[in-house]
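Trainee: Let me begin by handing over the structure; questions about it come next.
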Amino acid sequence: MNHTQDPPRPDPDALLATTQHGAALRIFLGAAPGVGKTSAMLRTARERHERGEEVVLGVIEAHGRAETEQLCVGLEQLPPVTRDYRGRGYSEFDLDAALARRPAILLVDELAHRNIPGGRHARRWQDIEELLDAGIEVWTTLNVQHVERLNDDVARITGVRMRETVPDALIARARDLSLIDLTPQELIERLKQGKVYVPEQARAALARYFSPGNLTALRELALQVMAERLDSDVRRVMDAGGVAGPWPVRARLLVAVEGRRGDQALLRAASRWAQRHQAPWVVVLVTPLRELDAAAAGEVGTLRQQSEQLGGRWETLRGDDPLAELLEYATRHNVTTLMLGRTPLKWRWWQAPLVDRLLARRPPFDLILLAEAPAAASRRTRQWRWPRWREGLWPLASVALAAAVAAGLSSLLDLANLSLVFLAAVLACALKAGTRAAMLAVALSALVYNFLFTEPRFSLAMIHQDQVLTVLVFCLVAAVAGQLAGKVRRQLLLLRQSRHQIQEMLSISRALAAAVDRERVREIAVKVLADQLELPCVFVDSPEAEAPPRVSASHPGTLSLDAATLQAAHWSQRHARPSGYGTQTLAAQRWRFVPILEQGAGEGGVPAVLGLALGERGAGLDEAEEALVANLVNQLGAALARTRLVEELGAARLAEENERLRSALLSSVSHDLRTPLAAIIGSASALRDLWAELAETDRRELLDGVLGESERLNRYSRTCST
């Protein structure tokens, strides 16, 4: 067997990333205000401008510094827009003017700036995202204390928590990250000279934030961010070139959560760890094979949204043994580190904590335990819940029936065999009402069995040793059998639910496949979502490319949207991103709009959006509903593409038939026109060339022929025009 190793091959995804030339983002990063980020950005921009490139200043925060204002001289600058807030006028960056101007390079200072209320976005980084989506290269500045994942670290270092933060996903999107650095002594000297703040602000800053210790720590954080970015760039280049480098295996983090409020601190710690190690991380929730209640489902939805905002990926694992599920997932996905709370996922009192069982298994990955706060530990809810009243009827009825049957058979069977009757009652409860009802049936059966059939009867005391052993064996067997039967029931319910969802999606696919036009597709989409989610749904599209959006289908009934809501729908349609309730764009809206991506629909591929009135419910979508919406949106995109192709094919066939008819008509008309034209030309030529030689009667006859053929042509023209 040949053991030679093949040369490394380039990563297709990395090669594709190197060949894509989209809008670029360049960030000038500094450890603190005053290090010269804006000046460095302007000097670089002037160099590019002198080389003939188009550079436009969107907004520059000079803060009264003369040297910064001098660097802006000679560069085109967009006029700001004025917004009134609390009786005062403020100059803000004009996003619409920048989108209309569309320069090659646009400078937008202070990425973490909070916009004055009244604009389209609450933060400037959201404006920059829209500029990047429009294909405009943007240069901006950022201080390390505004990086979202470093918020807790900066607060511990400086004692000040920053309210304006920038998502790590946007920083990772930057093509270039330039570090602008100054030593703490140089920065303090600039501060004393008034080059950063006015004298009053400078004195206050020197006394608190701009201490040598704080600046040194912030500088180290900035260098760390830069080092992580360089390491990521090197790995991406090596992947694209197929280089087998001497680099360590990439770390992969798995975070196990319980679905409770205390898990939020665990997610933040996992995000910091993953960012420091440049590792992808996945959050898994191991749930039992039963449906979660409304409160637990809402908390899980909040955790899922937080994990996605922090850069993690959320997955849900179903199983009664969290240890087995975690180990299987970690092995399948090559996990190198598992992070979890100190005492999570302990569902049964007779089992050891998950941490102890993990250590006993000696897993092939690192284990990180996060000690939870006492307040969070005190809020932990008990995992055991008594059965609901409907579930409680099954143990009472089944045990009563088993007691009656056992009483009738007591003269025919011995005491040990009578326990099988009660075991059947326990199994019936497990299959009909679940494990908790089965455990209640075990307790009731043991009491009734002891009270009615063991000696002395009608007493809980037992005088025979073999009867005590019989009751104990019955309890053990009934408990195990009830657990297994309950697990089978839960699996059966999940299979039924999965089959029901598959059948629903299949019926939706069939209905969409049978739709012959876009109107029918719209009606099916809004009706399915409104019925499944039990909330109003609308379909918003534009009749023409530049026309304003309108509601073309709604359910239930005919619904209308106000101008602000239609603006949110139009924004999602133009940018192919969700907006409205539960998102980071136009979050004050009552509706959430989800874009429909249609293949082959031109640039953007978003012909319409779906609107969901989540504000009426007051809560977001759970995992199953998110999956339903995502699947329906994908099918809608395919259905709309199919109807568009059918319409285009019908239009092409109609155009072809019109062309054939036109050719036939022209051929017929040309033949009918050729004869009178030939007669007219012949008569006119004879009159012109032989006028003197022709007799008067011949001349009149030729003129009458010209007149007759002309009238004939006139009749043809009238017939064709009608």
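Identifiers for the structure tokens are assigned positionally: chains receive A, B, ... in sequence, residues are indexed from 1 per chain, and ligands are indexed from 1 in the order shown.
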Extract, using only C-alpha atoms, all DNA, RNA and protein residues at most 12 Å from Trp571 (chain A), discarding same-chain residues fewer than 5 positions from it, and format them as a list of chain:residue names.
Mentor: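 What passes the distance filter is A:Arg120, A:His121, A:Glu130, A:Asp133, A:Val540, A:Asp541, A:Pro548, A:Pro549, A:Ala564, A:Thr565, A:Leu566, A:Ala576, A:Arg577, A:Pro578, A:Ser579, A:Gly580, A:Thr585, A:Leu586, A:Arg592, A:Phe593, A:Val594, A:Pro595, A:Val606, A:Ala608, A:Val609.
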Trainee: With C-alpha atoms retained, could you export that selection as a short mmCIF file (atom, residue, chain, number, x, y, z; two decimals), in the first residue's frame?
Mentor:
data_model
loop_
_atom_site.label_atom_id
_atom_site.label_comp_id
_atom_site.auth_asym_id
_atom_site.auth_seq_id
_atom_site.Cartn_x
_atom_site.Cartn_y
_atom_site.Cartn_z
CA ARG A 120 -32.91 55.25 9.03
CA HIS A 121 -30.46 53.51 11.36
CA GLU A 130 -25.82 49.65 3.71
CA ASP A 133 -24.13 46.40 0.27
CA VAL A 540 -45.39 43.01 -0.51
CA ASP A 541 -43.94 43.57 -3.98
CA PRO A 548 -43.23 51.93 -4.72
CA PRO A 549 -44.05 48.68 -2.89
CA ALA A 564 -43.45 53.72 7.58
CA THR A 565 -44.15 49.99 7.42
CA LEU A 566 -43.98 49.99 3.63
CA ALA A 576 -32.17 41.36 0.69
CA ARG A 577 -32.08 41.41 4.48
CA PRO A 578 -34.80 41.06 7.15
CA SER A 579 -36.03 44.20 8.84
CA GLY A 580 -38.64 45.24 11.37
CA THR A 585 -32.99 47.51 11.36
CA LEU A 586 -36.21 49.48 11.94
CA ARG A 592 -41.07 41.70 10.41
CA PHE A 593 -40.25 41.48 6.71
CA VAL A 594 -38.39 38.53 5.24
CA PRO A 595 -36.97 38.87 1.70
CA VAL A 606 -35.47 40.03 -4.40
CA ALA A 608 -40.87 40.68 -2.94
CA VAL A 609 -40.93 40.27 0.84
#
Trainee: Would you mind reading off the distance between CA of Arg718 (chain A) and CA of Ser685 (chain A), one decimal, in Å?
Mentor: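 Taking CA of Arg718 (chain A) and CA of Ser685 (chain A), their separation equals 26.8 Å.
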Trainee: How would you write, as a list in words, the set of residues in region 91-153 of chain A that DSSP gives as alpha helix (DSSP H)?
Mentor: Leu95, Asp96, Ala97, Ala98, Leu99, Ala100, Arg101, Arg124, Trp125, Gln126, Asp127, Ile128, Glu129, Glu130, Leu131, Leu132, Asp133, Asn151, Asp152 and Asp153 of chain A
Trainee: Pick the closest to Gly213 (chain A) from A:Thr183, A:Ser411, A:Thr454, A:Gln305: which is it, counting only C-alpha atoms?
Mentor: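 The closest residue to Gly213 (chain A) is A:Thr183.
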